[in-house]
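Listing of entry00.tsv, TSV, C-alpha atoms
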chain	number	residue	atom	x	y	z
A	1	MET	CA	-29.90	-74.08	-34.31
A	2	SER	CA	-28.07	-71.98	-36.88
A	3	LYS	CA	-24.45	-72.72	-37.61
A	4	ILE	CA	-21.99	-69.82	-37.86
A	5	LEU	CA	-18.48	-70.15	-39.24
A	6	THR	CA	-15.91	-67.55	-38.19
A	7	ILE	CA	-12.84	-67.18	-40.41
A	8	GLU	CA	-10.37	-65.03	-38.45
A	9	ASP	CA	-6.61	-65.29	-38.08
A	10	ASP	CA	-6.33	-63.63	-34.66
A	11	LYS	CA	-6.66	-66.45	-32.15
A	12	PHE	CA	-7.91	-64.30	-29.30
A	13	LEU	CA	-10.64	-62.59	-31.36
A	14	ARG	CA	-11.60	-65.89	-32.97
A	15	GLU	CA	-12.16	-67.54	-29.62
A	16	LEU	CA	-13.95	-64.54	-28.19
A	17	ILE	CA	-16.48	-64.50	-31.05
A	18	LYS	CA	-16.90	-68.24	-30.86
A	19	ARG	CA	-17.60	-68.04	-27.17
A	20	LYS	CA	-20.13	-65.23	-27.65
A	21	LEU	CA	-21.88	-67.09	-30.48
A	22	GLN	CA	-22.17	-70.24	-28.37
A	23	GLU	CA	-23.42	-68.25	-25.41
A	24	VAL	CA	-26.37	-66.89	-27.37
A	25	GLY	CA	-27.21	-70.33	-28.71
A	26	PHE	CA	-25.52	-70.65	-32.09
A	27	GLU	CA	-23.49	-73.61	-33.19
A	28	ALA	CA	-20.05	-72.06	-33.77
A	29	THR	CA	-17.10	-73.29	-35.79
A	30	SER	CA	-13.99	-71.44	-36.78
A	31	ALA	CA	-11.01	-71.37	-39.11
A	32	SER	CA	-7.81	-69.35	-39.02
A	33	ASN	CA	-7.42	-68.59	-42.74
A	34	GLY	CA	-9.29	-68.63	-46.03
A	35	GLU	CA	-8.15	-72.04	-47.17
A	36	GLU	CA	-9.07	-73.75	-43.95
A	37	GLY	CA	-12.33	-71.78	-43.96
A	38	LEU	CA	-13.32	-72.87	-47.46
A	39	ALA	CA	-12.74	-76.51	-46.55
A	40	LEU	CA	-14.99	-76.08	-43.52
A	41	VAL	CA	-17.68	-74.30	-45.56
A	42	LYS	CA	-17.86	-77.26	-47.93
A	43	GLU	CA	-17.86	-79.77	-45.12
A	44	GLU	CA	-20.25	-78.13	-42.69
A	45	LYS	CA	-22.48	-75.88	-44.85
A	46	PRO	CA	-22.85	-73.09	-42.28
A	47	ASP	CA	-25.89	-70.78	-42.31
A	48	LEU	CA	-23.70	-67.70	-42.16
A	49	ILE	CA	-20.01	-66.82	-42.39
A	50	LEU	CA	-18.12	-64.13	-40.46
A	51	LEU	CA	-15.07	-63.36	-42.55
A	52	ASP	CA	-11.94	-61.39	-41.74
A	53	LEU	CA	-10.11	-59.72	-44.65
A	54	ILE	CA	-6.43	-59.48	-43.79
A	55	MET	CA	-5.22	-63.02	-43.22
A	56	PRO	CA	-2.06	-64.91	-44.17
A	57	ASP	CA	-2.06	-67.13	-47.29
A	58	MET	CA	-5.62	-66.80	-48.54
A	59	ASP	CA	-7.13	-63.46	-47.50
A	60	GLY	CA	-10.80	-62.54	-47.19
A	61	PHE	CA	-11.16	-61.09	-50.69
A	62	MET	CA	-9.77	-64.29	-52.24
A	63	THR	CA	-12.05	-66.35	-50.02
A	64	LEU	CA	-15.08	-64.35	-51.20
A	65	LYS	CA	-14.08	-64.95	-54.83
A	66	GLU	CA	-13.79	-68.67	-54.24
A	67	LEU	CA	-17.18	-68.79	-52.50
A	68	GLN	CA	-18.80	-66.97	-55.43
A	69	LYS	CA	-17.48	-69.57	-57.88
A	70	ASP	CA	-19.51	-72.35	-56.26
A	71	HIS	CA	-23.29	-72.13	-56.79
A	72	LEU	CA	-24.13	-73.88	-53.55
A	73	LEU	CA	-21.75	-71.80	-51.46
A	74	ALA	CA	-22.50	-68.46	-53.08
A	75	SER	CA	-25.91	-68.34	-51.38
A	76	ILE	CA	-24.45	-68.46	-47.84
A	77	PRO	CA	-24.52	-64.91	-46.44
A	78	VAL	CA	-21.08	-63.53	-45.58
A	79	ILE	CA	-20.56	-60.70	-43.11
A	80	ILE	CA	-17.14	-59.07	-43.33
A	81	LEU	CA	-15.66	-58.51	-39.89
A	82	SER	CA	-12.47	-56.56	-40.46
A	83	ASN	CA	-10.52	-53.62	-39.22
A	84	LEU	CA	-10.07	-52.34	-42.72
A	85	GLY	CA	-12.75	-49.76	-43.28
A	86	GLN	CA	-11.86	-47.63	-46.28
A	87	GLN	CA	-14.74	-47.09	-48.66
A	88	ASP	CA	-12.79	-48.89	-51.39
A	89	ASP	CA	-12.44	-52.00	-49.22
A	90	ILE	CA	-16.15	-51.91	-48.36
A	91	ASP	CA	-17.16	-51.48	-52.02
A	92	LYS	CA	-14.83	-54.26	-53.12
A	93	ALA	CA	-16.14	-56.72	-50.51
A	94	LYS	CA	-19.76	-55.93	-51.38
A	95	GLN	CA	-19.06	-56.35	-55.08
A	96	LEU	CA	-17.66	-59.77	-54.26
A	97	GLY	CA	-20.94	-60.71	-52.57
A	98	ALA	CA	-20.57	-59.77	-48.89
A	99	VAL	CA	-23.95	-58.82	-47.38
A	100	ASP	CA	-22.55	-56.53	-44.72
A	101	PHE	CA	-19.25	-54.98	-43.63
A	102	LEU	CA	-18.57	-54.44	-39.94
A	103	VAL	CA	-15.43	-52.69	-38.71
A	104	LYS	CA	-14.45	-54.70	-35.64
A	105	ALA	CA	-13.41	-51.69	-33.60
A	106	HIS	CA	-16.83	-50.07	-34.21
A	107	PHE	CA	-19.08	-52.93	-33.12
A	108	THR	CA	-19.57	-54.73	-29.84
A	109	PRO	CA	-20.08	-58.52	-29.73
A	110	ASN	CA	-23.80	-57.96	-29.02
A	111	GLU	CA	-24.17	-55.68	-32.00
A	112	ILE	CA	-22.53	-58.30	-34.19
A	113	ILE	CA	-25.02	-60.89	-32.89
A	114	ASP	CA	-27.89	-58.50	-33.74
A	115	LYS	CA	-26.60	-58.16	-37.31
A	116	ILE	CA	-26.33	-61.95	-37.63
A	117	ASN	CA	-29.89	-62.44	-36.36
A	118	LYS	CA	-31.27	-59.83	-38.75
A	119	ILE	CA	-29.62	-61.43	-41.75
A	120	LEU	CA	-30.68	-64.95	-40.73
A	121	ASN	CA	-34.28	-63.82	-40.20
A	122	LYS	CA	-34.34	-62.17	-43.61
A	123	LYS	CA	-33.00	-65.34	-45.17
A	124	GLU	CA	-35.77	-67.44	-43.65
A	125	SER	CA	-38.66	-65.18	-44.62
B	1	MET	CA	21.95	-16.57	-61.29
B	2	SER	CA	19.47	-16.38	-64.12
B	3	ALA	CA	16.10	-17.99	-63.90
B	4	ASN	CA	16.88	-20.09	-66.96
B	5	PHE	CA	20.01	-21.47	-65.39
B	6	LEU	CA	18.06	-22.48	-62.30
B	7	LYS	CA	15.45	-24.09	-64.48
B	8	THR	CA	18.10	-26.14	-66.28
B	9	ILE	CA	19.61	-27.32	-63.02
B	10	PHE	CA	16.17	-28.16	-61.71
B	11	GLN	CA	15.30	-30.19	-64.79
B	12	ALA	CA	18.63	-32.02	-64.78
B	13	LYS	CA	18.07	-32.94	-61.16
B	14	LYS	CA	14.56	-34.08	-61.88
B	15	ARG	CA	15.85	-36.23	-64.72
B	16	ALA	CA	18.55	-37.75	-62.51
B	17	ASN	CA	15.94	-38.62	-59.93
B	18	LEU	CA	13.71	-40.18	-62.52
B	19	GLU	CA	16.56	-42.18	-63.97
B	20	LYS	CA	17.34	-43.46	-60.54
B	21	ALA	CA	13.73	-44.48	-60.03
B	22	PHE	CA	13.38	-45.99	-63.49
B	23	PRO	CA	16.90	-47.19	-64.46
B	24	GLU	CA	15.70	-49.02	-67.57
B	25	ILE	CA	15.10	-45.72	-69.35
B	26	ASN	CA	17.96	-43.49	-70.40
B	27	LEU	CA	16.38	-40.11	-70.86
B	28	LYS	CA	19.46	-38.41	-72.32
B	29	GLN	CA	19.43	-40.51	-75.47
B	30	LYS	CA	15.95	-39.48	-76.46
B	31	LYS	CA	16.25	-35.74	-76.38
B	32	PRO	CA	13.30	-34.84	-78.61
B	33	VAL	CA	10.86	-36.76	-76.48
B	34	ILE	CA	12.40	-35.96	-73.13
B	35	ALA	CA	9.71	-33.52	-72.04
B	36	GLU	CA	6.97	-35.99	-72.86
B	37	SER	CA	8.77	-38.89	-71.25
B	38	ILE	CA	9.45	-36.93	-68.12
B	39	ALA	CA	5.83	-35.91	-67.83
B	40	LEU	CA	4.63	-39.44	-68.42
B	41	LEU	CA	7.10	-40.98	-66.00
B	42	GLU	CA	6.27	-38.39	-63.41
B	43	ARG	CA	2.60	-39.16	-63.65
B	44	GLN	CA	3.33	-42.86	-63.32
B	45	ARG	CA	5.58	-42.28	-60.36
B	46	GLU	CA	3.05	-40.04	-58.63
B	47	LYS	CA	0.38	-42.65	-59.17
B	48	PHE	CA	2.63	-45.35	-57.78
B	49	ILE	CA	3.51	-43.31	-54.67
B	50	GLU	CA	-0.14	-42.36	-54.23
B	51	GLY	CA	-1.04	-46.05	-54.26
B	52	LEU	CA	1.63	-46.84	-51.69
B	53	LYS	CA	0.44	-44.04	-49.41
B	54	THR	CA	-3.19	-45.14	-49.58
B	55	GLU	CA	-2.22	-48.69	-48.81
B	56	PHE	CA	0.07	-47.62	-45.98
B	57	VAL	CA	-2.58	-45.49	-44.26
B	58	SER	CA	-5.17	-48.21	-44.68
B	59	ILE	CA	-2.91	-50.91	-43.23
B	60	ALA	CA	-1.71	-48.64	-40.40
B	61	ALA	CA	-5.32	-47.96	-39.40
B	62	HIS	CA	-6.00	-51.68	-39.56
B	63	GLN	CA	-3.02	-52.49	-37.33
B	64	LEU	CA	-3.99	-49.84	-34.79
B	65	ARG	CA	-7.61	-50.94	-34.67
B	66	THR	CA	-6.91	-54.63	-34.20
B	67	PRO	CA	-5.66	-54.50	-30.58
B	68	LEU	CA	-8.31	-51.88	-29.77
B	69	SER	CA	-11.11	-54.13	-30.99
B	70	ALA	CA	-9.79	-56.96	-28.83
B	71	ILE	CA	-9.83	-54.61	-25.81
B	72	LYS	CA	-13.28	-53.30	-26.72
B	73	TRP	CA	-14.80	-56.76	-27.03
B	74	ILE	CA	-13.35	-58.14	-23.84
B	75	ILE	CA	-14.34	-55.09	-21.77
B	76	ARG	CA	-17.82	-55.13	-23.31
B	77	MET	CA	-18.27	-58.79	-22.44
B	78	LEU	CA	-17.07	-58.15	-18.89
B	79	LEU	CA	-19.40	-55.14	-18.57
B	80	ASP	CA	-22.34	-57.12	-19.93
B	81	GLU	CA	-21.52	-59.63	-17.18
B	82	ASP	CA	-21.15	-62.40	-19.72
B	83	LEU	CA	-18.28	-63.69	-17.61
B	84	GLY	CA	-19.91	-63.30	-14.20
B	85	PRO	CA	-21.30	-60.55	-11.96
B	86	LEU	CA	-19.28	-57.39	-11.18
B	87	ASN	CA	-19.39	-55.07	-8.21
B	88	LYS	CA	-19.98	-51.32	-8.65
B	89	ASP	CA	-16.32	-50.30	-8.51
B	90	GLN	CA	-15.34	-52.91	-11.07
B	91	LYS	CA	-18.12	-51.69	-13.34
B	92	ASP	CA	-17.11	-48.05	-12.96
B	93	TYR	CA	-13.45	-48.70	-13.72
B	94	LEU	CA	-14.24	-50.93	-16.67
B	95	THR	CA	-16.60	-48.26	-18.02
B	96	LYS	CA	-13.74	-45.74	-17.83
B	97	ALA	CA	-11.44	-48.16	-19.64
B	98	TYR	CA	-14.13	-48.71	-22.29
B	99	ILE	CA	-14.67	-44.98	-22.85
B	100	ASN	CA	-10.93	-44.41	-23.23
B	101	ASN	CA	-10.65	-47.24	-25.69
B	102	GLU	CA	-13.53	-45.78	-27.72
B	103	ARG	CA	-11.69	-42.48	-27.72
B	104	MET	CA	-8.65	-44.12	-29.27
B	105	VAL	CA	-10.80	-45.67	-31.98
B	106	GLU	CA	-12.36	-42.28	-32.69
B	107	LEU	CA	-8.96	-40.64	-32.82
B	108	ILE	CA	-7.70	-43.17	-35.36
B	109	ASN	CA	-10.75	-42.58	-37.54
B	110	ASP	CA	-10.38	-38.81	-37.32
B	111	LEU	CA	-6.65	-38.91	-38.08
B	112	LEU	CA	-7.32	-41.19	-41.02
B	113	ASN	CA	-9.88	-38.73	-42.38
B	114	VAL	CA	-7.64	-35.72	-41.79
B	115	SER	CA	-4.73	-37.40	-43.57
B	116	LYS	CA	-7.04	-38.09	-46.52
B	117	ILE	CA	-8.30	-34.51	-46.54
B	118	GLU	CA	-4.77	-33.09	-46.56
B	119	GLU	CA	-3.70	-35.33	-49.39
B	120	GLY	CA	-6.81	-34.60	-51.41
B	121	ARG	CA	-7.99	-38.19	-51.23
B	122	PHE	CA	-11.15	-37.62	-49.18
B	123	LEU	CA	-13.38	-37.91	-52.23
B	124	ASN	CA	-17.15	-37.94	-52.33
B	125	LYS	CA	-19.24	-40.68	-53.88
B	126	PRO	CA	-22.57	-38.89	-54.29
B	127	THR	CA	-25.88	-40.69	-54.62
B	128	LYS	CA	-29.44	-39.39	-54.52
B	129	GLU	CA	-30.62	-39.51	-50.91
B	130	SER	CA	-33.42	-38.29	-48.68
B	131	LEU	CA	-32.02	-35.74	-46.26
B	132	SER	CA	-34.65	-36.67	-43.66
B	133	LYS	CA	-33.60	-40.31	-43.79
B	134	ILE	CA	-29.93	-39.39	-43.41
B	135	ILE	CA	-30.76	-37.29	-40.35
B	136	GLU	CA	-32.92	-40.04	-38.88
B	137	GLU	CA	-30.11	-42.55	-39.36
B	138	ALA	CA	-27.57	-40.25	-37.69
B	139	LEU	CA	-29.98	-39.51	-34.83
B	140	SER	CA	-30.73	-43.15	-34.13
B	141	LEU	CA	-27.14	-43.62	-32.97
B	142	TRP	CA	-27.47	-40.89	-30.35
B	143	VAL	CA	-30.90	-41.49	-28.82
B	144	GLY	CA	-29.40	-43.66	-26.07
B	145	SER	CA	-26.64	-41.24	-25.02
B	146	ALA	CA	-29.03	-38.28	-25.03
B	147	LYS	CA	-31.52	-40.15	-22.88
B	148	ARG	CA	-28.85	-41.15	-20.39
B	149	LYS	CA	-28.00	-37.47	-19.94
B	150	GLY	CA	-31.68	-36.52	-19.64
B	151	LEU	CA	-31.64	-34.64	-22.97
B	152	ILE	CA	-34.42	-34.65	-25.54
B	153	LEU	CA	-33.47	-35.11	-29.19
B	154	THR	CA	-36.06	-33.61	-31.52
B	155	PHE	CA	-36.11	-33.72	-35.30
B	156	GLN	CA	-38.25	-31.14	-37.09
B	157	LYS	CA	-38.62	-32.15	-40.73
B	158	SER	CA	-39.10	-29.59	-43.47
B	159	LYS	CA	-42.66	-28.92	-44.49
B	160	GLY	CA	-43.86	-29.84	-47.93
B	161	ARG	CA	-40.99	-30.50	-50.27
B	162	SER	CA	-39.35	-33.90	-50.04
B	163	PRO	CA	-35.72	-33.18	-49.15
B	164	ALA	CA	-33.84	-35.01	-51.92
B	165	VAL	CA	-30.13	-34.28	-52.09
B	166	LEU	CA	-27.18	-35.55	-54.11
B	167	VAL	CA	-24.58	-36.31	-51.46
B	168	ASP	CA	-22.09	-38.81	-50.14
B	169	LYS	CA	-24.40	-40.26	-47.49
B	170	GLU	CA	-21.72	-41.65	-45.17
B	171	LYS	CA	-19.92	-38.32	-45.10
B	172	ILE	CA	-23.05	-36.30	-44.32
B	173	ILE	CA	-23.84	-38.78	-41.55
B	174	LEU	CA	-20.33	-38.13	-40.22
B	175	VAL	CA	-20.99	-34.36	-40.20
B	176	LEU	CA	-24.26	-34.86	-38.31
B	177	HIS	CA	-22.58	-37.33	-36.01
B	178	ASN	CA	-19.94	-34.74	-35.08
B	179	LEU	CA	-22.48	-31.94	-34.58
B	180	ILE	CA	-24.91	-34.04	-32.55
B	181	GLU	CA	-22.10	-35.50	-30.45
B	182	ASN	CA	-20.88	-32.00	-29.59
B	183	SER	CA	-24.33	-30.75	-28.70
B	184	ILE	CA	-24.86	-33.72	-26.37
B	185	LYS	CA	-21.40	-33.33	-24.83
B	186	TYR	CA	-21.82	-29.65	-24.09
B	187	SER	CA	-25.41	-29.82	-22.79
B	188	ASN	CA	-26.53	-30.97	-19.40
B	189	TYR	CA	-30.26	-30.44	-19.76
B	190	GLY	CA	-32.92	-29.41	-22.21
B	191	GLU	CA	-33.61	-30.14	-25.80
B	192	ILE	CA	-31.44	-30.60	-28.87
B	193	ILE	CA	-33.34	-29.65	-32.00
B	194	ILE	CA	-32.35	-30.78	-35.47
B	195	LYS	CA	-34.21	-28.97	-38.21
B	196	ILE	CA	-34.33	-28.85	-42.00
B	197	ASP	CA	-35.36	-25.59	-43.66
B	198	PHE	CA	-35.77	-25.03	-47.36
B	199	GLU	CA	-34.48	-21.77	-48.74
B	200	LYS	CA	-36.38	-21.18	-51.94
B	201	GLU	CA	-34.35	-18.29	-53.37
B	202	ASN	CA	-31.06	-20.21	-53.10
B	203	HIS	CA	-32.64	-23.58	-53.82
B	204	ARG	CA	-30.93	-25.17	-50.86
B	205	PHE	CA	-31.63	-26.85	-47.55
B	206	ILE	CA	-30.32	-25.50	-44.27
B	207	VAL	CA	-29.83	-28.10	-41.57
B	208	SER	CA	-29.45	-26.81	-38.04
B	209	VAL	CA	-28.44	-28.50	-34.79
B	210	LYS	CA	-29.40	-26.37	-31.82
B	211	ASP	CA	-28.53	-26.98	-28.20
B	212	GLY	CA	-28.99	-25.08	-24.96
B	213	GLY	CA	-25.59	-26.05	-23.65
B	214	GLU	CA	-22.39	-24.36	-22.49
B	215	GLY	CA	-21.84	-22.32	-25.64
B	216	ILE	CA	-18.47	-21.37	-27.12
B	217	PRO	CA	-16.52	-18.54	-25.43
B	218	LYS	CA	-16.51	-15.50	-27.71
B	219	GLU	CA	-12.73	-15.15	-27.91
B	220	GLU	CA	-12.46	-18.76	-29.13
B	221	GLN	CA	-15.16	-18.65	-31.76
B	222	GLU	CA	-12.91	-17.95	-34.72
B	223	LYS	CA	-10.84	-21.07	-34.02
B	224	VAL	CA	-13.74	-23.51	-33.91
B	225	PHE	CA	-13.10	-25.10	-37.32
B	226	THR	CA	-9.33	-25.40	-36.97
B	227	ARG	CA	-7.63	-28.70	-36.29
B	228	PHE	CA	-7.32	-29.84	-32.68
B	229	PHE	CA	-9.41	-26.93	-31.39
B	230	ARG	CA	-10.93	-27.69	-27.99
B	231	ALA	CA	-13.11	-25.17	-26.22
B	232	SER	CA	-11.59	-24.03	-22.92
B	233	ASN	CA	-14.80	-24.96	-21.09
B	234	ALA	CA	-14.46	-28.59	-22.28
B	235	SER	CA	-12.42	-29.55	-19.24
B	236	LYS	CA	-14.92	-27.86	-16.93
B	237	ILE	CA	-17.69	-30.18	-18.00
B	238	ASP	CA	-15.39	-33.21	-18.13
B	239	THR	CA	-15.80	-34.06	-21.77
B	240	GLU	CA	-13.37	-35.65	-24.16
B	241	GLY	CA	-12.75	-35.34	-27.85
B	242	THR	CA	-10.14	-35.18	-30.56
B	243	GLY	CA	-10.69	-31.60	-31.71
B	244	LEU	CA	-10.88	-32.83	-35.30
B	245	GLY	CA	-14.62	-33.33	-35.74
B	246	LEU	CA	-15.53	-29.81	-36.85
B	247	TYR	CA	-12.49	-29.47	-39.10
B	248	ILE	CA	-13.60	-32.65	-40.88
B	249	ALA	CA	-17.24	-31.47	-40.95
B	250	LYS	CA	-16.24	-28.18	-42.57
B	251	HIS	CA	-14.25	-29.95	-45.26
B	252	ILE	CA	-17.11	-32.34	-46.04
B	253	ILE	CA	-19.71	-29.59	-46.34
B	254	GLN	CA	-17.45	-27.40	-48.47
B	255	SER	CA	-16.61	-30.32	-50.74
B	256	HIS	CA	-20.38	-30.68	-51.28
B	257	GLY	CA	-20.55	-27.02	-52.30
B	258	GLY	CA	-22.22	-26.02	-49.04
B	259	LYS	CA	-21.48	-23.71	-46.15
B	260	ILE	CA	-21.16	-24.41	-42.43
B	261	TRP	CA	-21.31	-21.86	-39.60
B	262	PHE	CA	-22.61	-21.38	-36.09
B	263	GLU	CA	-24.14	-18.95	-33.63
B	264	SER	CA	-23.18	-19.30	-30.01
B	265	GLU	CA	-23.50	-17.52	-26.72
B	266	GLU	CA	-21.62	-18.68	-23.66
B	267	GLY	CA	-23.97	-20.16	-21.11
B	268	LYS	CA	-26.93	-20.13	-23.50
B	269	GLY	CA	-26.10	-22.61	-26.21
B	270	THR	CA	-24.91	-23.11	-29.74
B	271	THR	CA	-26.59	-23.66	-33.09
B	272	PHE	CA	-24.65	-25.11	-35.99
B	273	TYR	CA	-25.95	-24.69	-39.54
B	274	PHE	CA	-24.95	-26.24	-42.83
B	275	THR	CA	-26.36	-26.00	-46.32
B	276	LEU	CA	-26.82	-28.56	-49.09
B	277	SER	CA	-28.12	-27.86	-52.58
B	278	ALA	CA	-31.61	-29.15	-53.29

Take the structure in this file and express it as structure tokens.
Amino acid sequence: MSKILTIEDDKFLRELIKRKLQEVGFEATSASNGEEGLALVKEEKPDLILLDLIMPDMDGFMTLKELQKDHLLASIPVIILSNLGQQDDIDKAKQLGAVDFLVKAHFTPNEIIDKINKILNKKES
Amino acid sequence: MSANFLKTIFQAKKRANLEKAFPEINLKQKKPVIAESIALLERQREKFIEGLKTEFVSIAAHQLRTPLSAIKWIIRMLLDEDLGPLNKDQKDYLTKAYINNERMVELINDLLNVSKIEEGRFLNKPTKESLSKIIEEALSLWVGSAKRKGLILTFQKSKGRSPAVLVDKEKIILVLHNLIENSIKYSNYGEIIIKIDFEKENHRFIVSVKDGGEGIPKEEQEKVFTRFFRASNASKIDTEGTGLGLYIAKHIIQSHGGKIWFESEEGKGTTFYFTLSA
């Protein structure tokens, strides 16, 4: 069973994603900001990270930078799940190592699950 | 009042404003370099304000989208019956709520693009792309909706020449998205044909999106590319939209050096065309 970590400051969205992930059979953990998320990444070594960008204290961009610094963590695929969506934000996140960028308001929970499955399958093969 | 006098007043005012904005610099004491300093400071100030504006629009869009994504996700999960079975009425009402929420998301995106266009910040990032692939990608998003309405979406590729273009892919997809969405909205049966033609003498591709739908009333045709234009027959066929899609499409095509136009006859259908250099 793959383990997915969701780093998202909005409690309602965080719990909704977690619920959906568990429903389709993933092991789901979550954190409400970058700092808490990084600690969980180190502790739990998730197979994939869903990362929000605008968060208090340590935002998503800073979290990506920190992940890139650590060899072991840099290989974990990160999908950005944010309501920012300007090309500059997308380019910046991808430069910092994000594998995909999903604007929350444009994707349904099922579509997010599809993206996760695709990336996990690619990783295995 | 002489023009020179006005100019002097204008410059003094400008200087006062700049001094207010940048109090650490006293412009009066450095008369010989004033013109240069003013120009430099103005550029810096413009850049600073530009940065603030970009950030503001980006954050505002983010703040507007956040509650809408929460609504979208929860309605989607309810509709998918993740939280238990629904009866037909519940499904119908939730579908209406979902469609309206999607409309808000679309409106935010369109307004964001229009604000960028008007401020000259809707810039292209061109890369070498296959026009066929771009069209296929845009079409893939609409196959489901077309099918649900009993419409056939057909793509006729150009013969021979591989359609390589230097374009901002996301923006061309947005143009196609707007054109295909309209043709599906305004058609109730038949086929929607997307075609690429190569025009040798002008060394350009012509992409067309042809439907057999409602058509655009003749007296409204000249307003089609203006902001917030909605065809008067839109309400008749119960369709929704922001009226910004074609305005945005026109800007994108023109900023790529192309042309966009249409032919339409009420009751018979509409064909939109746009060109891209090969």

May I have the residues of chain B within 6 Å of chain A, counting only C-alpha atoms, written as a PyMOL selection string? chain B and resi 62+65+69+73

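The coordinates place CA of His71 in chain A at 19.2 Å from CA of Glu36 in chain A.
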
If you count only C-alpha atoms, which residues fall within 12 Å of Ile216 in chain B, apart from same-chain ones fewer than 5 positions away, as number ranges by chain? B: 182-183, 186-187, 211, 221-224, 229-234, 262-272

So which one's closest to Leu40 in chain A, A:Leu21, A:Met62, A:Leu5, A:Leu72? Using only C-alpha atoms, please. A:Leu5

Taken to one decimal, the CA of Met58 in chain A-CA of Ile71 in chain B distance is 26.1 Å

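CA of Val167 in chain B is found 26.9 Å from CA of Lys47 in chain B.
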
Give the centre and edge lengths of an axis-aligned box, in Å to one decimal, that holds all listed atoms of range 188-195 of chain B with 3 Å on each side, as AutoDock Vina command-line options.
--center_x -30.4 --center_y -30.0 --center_z -28.8 --size_x 13.7 --size_y 8.0 --size_z 24.8

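Shortest atom-to-atom contact with Ile7 in chain A among A:Leu50, A:Ala39, A:Ile112, A:Val24: A:Leu50, counting all atoms listed in the file.
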
If we count only C-alpha atoms and set the cut-off at 10 Å, which residues sit around range 96-99 of chain A, ignoring sequence neighbours fewer than 5 positions away in its own chain? Please answer as a PyMOL selection string. chain A and resi 49-51+61-68+74-80+90-91+119

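Counting all atoms listed in the file and comparing A:Leu81, A:Leu73, A:Val41, A:Ile116, the residue that lies closest to Gly60 in chain A is A:Leu81.
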
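You can rank B:Asp92, B:Glu201, B:Glu129, B:Glu219 by their closest distance to Ala164 in chain B using only C-alpha atoms, and at the top of that list sits B:Glu129.
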
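The closest residue to Leu131 in chain B, picked from B:Thr242, B:Ser37, B:Ser162, B:Ser115 and counting all atoms listed in the file, is B:Ser162.
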
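With all atoms listed in the file as the atoms that count, the minimum distance from Gly241 in chain B to the choices B:Leu153, B:Leu139, B:Lys200, B:Glu102 is reached by B:Glu102.
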
Need to verify the contact set: Asp9 in chain A, 10 Å, only C-alpha atoms, exclusion of same-chain residues closer than 4 positions in sequence. Can you return it as a ChimeraX atom specification? /A:13-14,30-34,51-56,59

Range 126-128 of chain B surroundings by only C-alpha atoms, 10 Å radius, close-in-sequence under 6 positions cut, as a VMD selection string: chain B and resid 164 to 171 256

Can you tell me, as an mmCIF file with C-alpha atoms, keeping the file's coordinate frame, what residues are no more than 12 Å from Phe155 in chain B when counting all atoms listed in the file, ignoring any on the same chain fewer than 3 positions away?
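Output contents, as saved in selection34.cif:
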data_model
loop_
_atom_site.group_PDB
_atom_site.id
_atom_site.type_symbol
_atom_site.label_atom_id
_atom_site.label_comp_id
_atom_site.auth_asym_id
_atom_site.auth_seq_id
_atom_site.Cartn_x
_atom_site.Cartn_y
_atom_site.Cartn_z
ATOM 1 C CA LEU B 131 -32.020 -35.740 -46.260
ATOM 2 C CA SER B 132 -34.650 -36.670 -43.660
ATOM 3 C CA LYS B 133 -33.600 -40.310 -43.790
ATOM 4 C CA ILE B 134 -29.930 -39.390 -43.410
ATOM 5 C CA ILE B 135 -30.760 -37.290 -40.350
ATOM 6 C CA GLU B 136 -32.920 -40.040 -38.880
ATOM 7 C CA GLU B 137 -30.110 -42.550 -39.360
ATOM 8 C CA ALA B 138 -27.570 -40.250 -37.690
ATOM 9 C CA LEU B 139 -29.980 -39.510 -34.830
ATOM 10 C CA SER B 140 -30.730 -43.150 -34.130
ATOM 11 C CA VAL B 143 -30.900 -41.490 -28.820
ATOM 12 C CA ILE B 152 -34.420 -34.650 -25.540
ATOM 13 C CA SER B 158 -39.100 -29.590 -43.470
ATOM 14 C CA ILE B 180 -24.910 -34.040 -32.550
ATOM 15 C CA GLU B 191 -33.610 -30.140 -25.800
ATOM 16 C CA ILE B 192 -31.440 -30.600 -28.870
ATOM 17 C CA ILE B 193 -33.340 -29.650 -32.000
ATOM 18 C CA ILE B 194 -32.350 -30.780 -35.470
ATOM 19 C CA LYS B 195 -34.210 -28.970 -38.210
ATOM 20 C CA ILE B 196 -34.330 -28.850 -42.000
ATOM 21 C CA ASP B 197 -35.360 -25.590 -43.660
ATOM 22 C CA VAL B 207 -29.830 -28.100 -41.570
ATOM 23 C CA SER B 208 -29.450 -26.810 -38.040
ATOM 24 C CA VAL B 209 -28.440 -28.500 -34.790
ATOM 25 C CA LYS B 210 -29.400 -26.370 -31.820
#
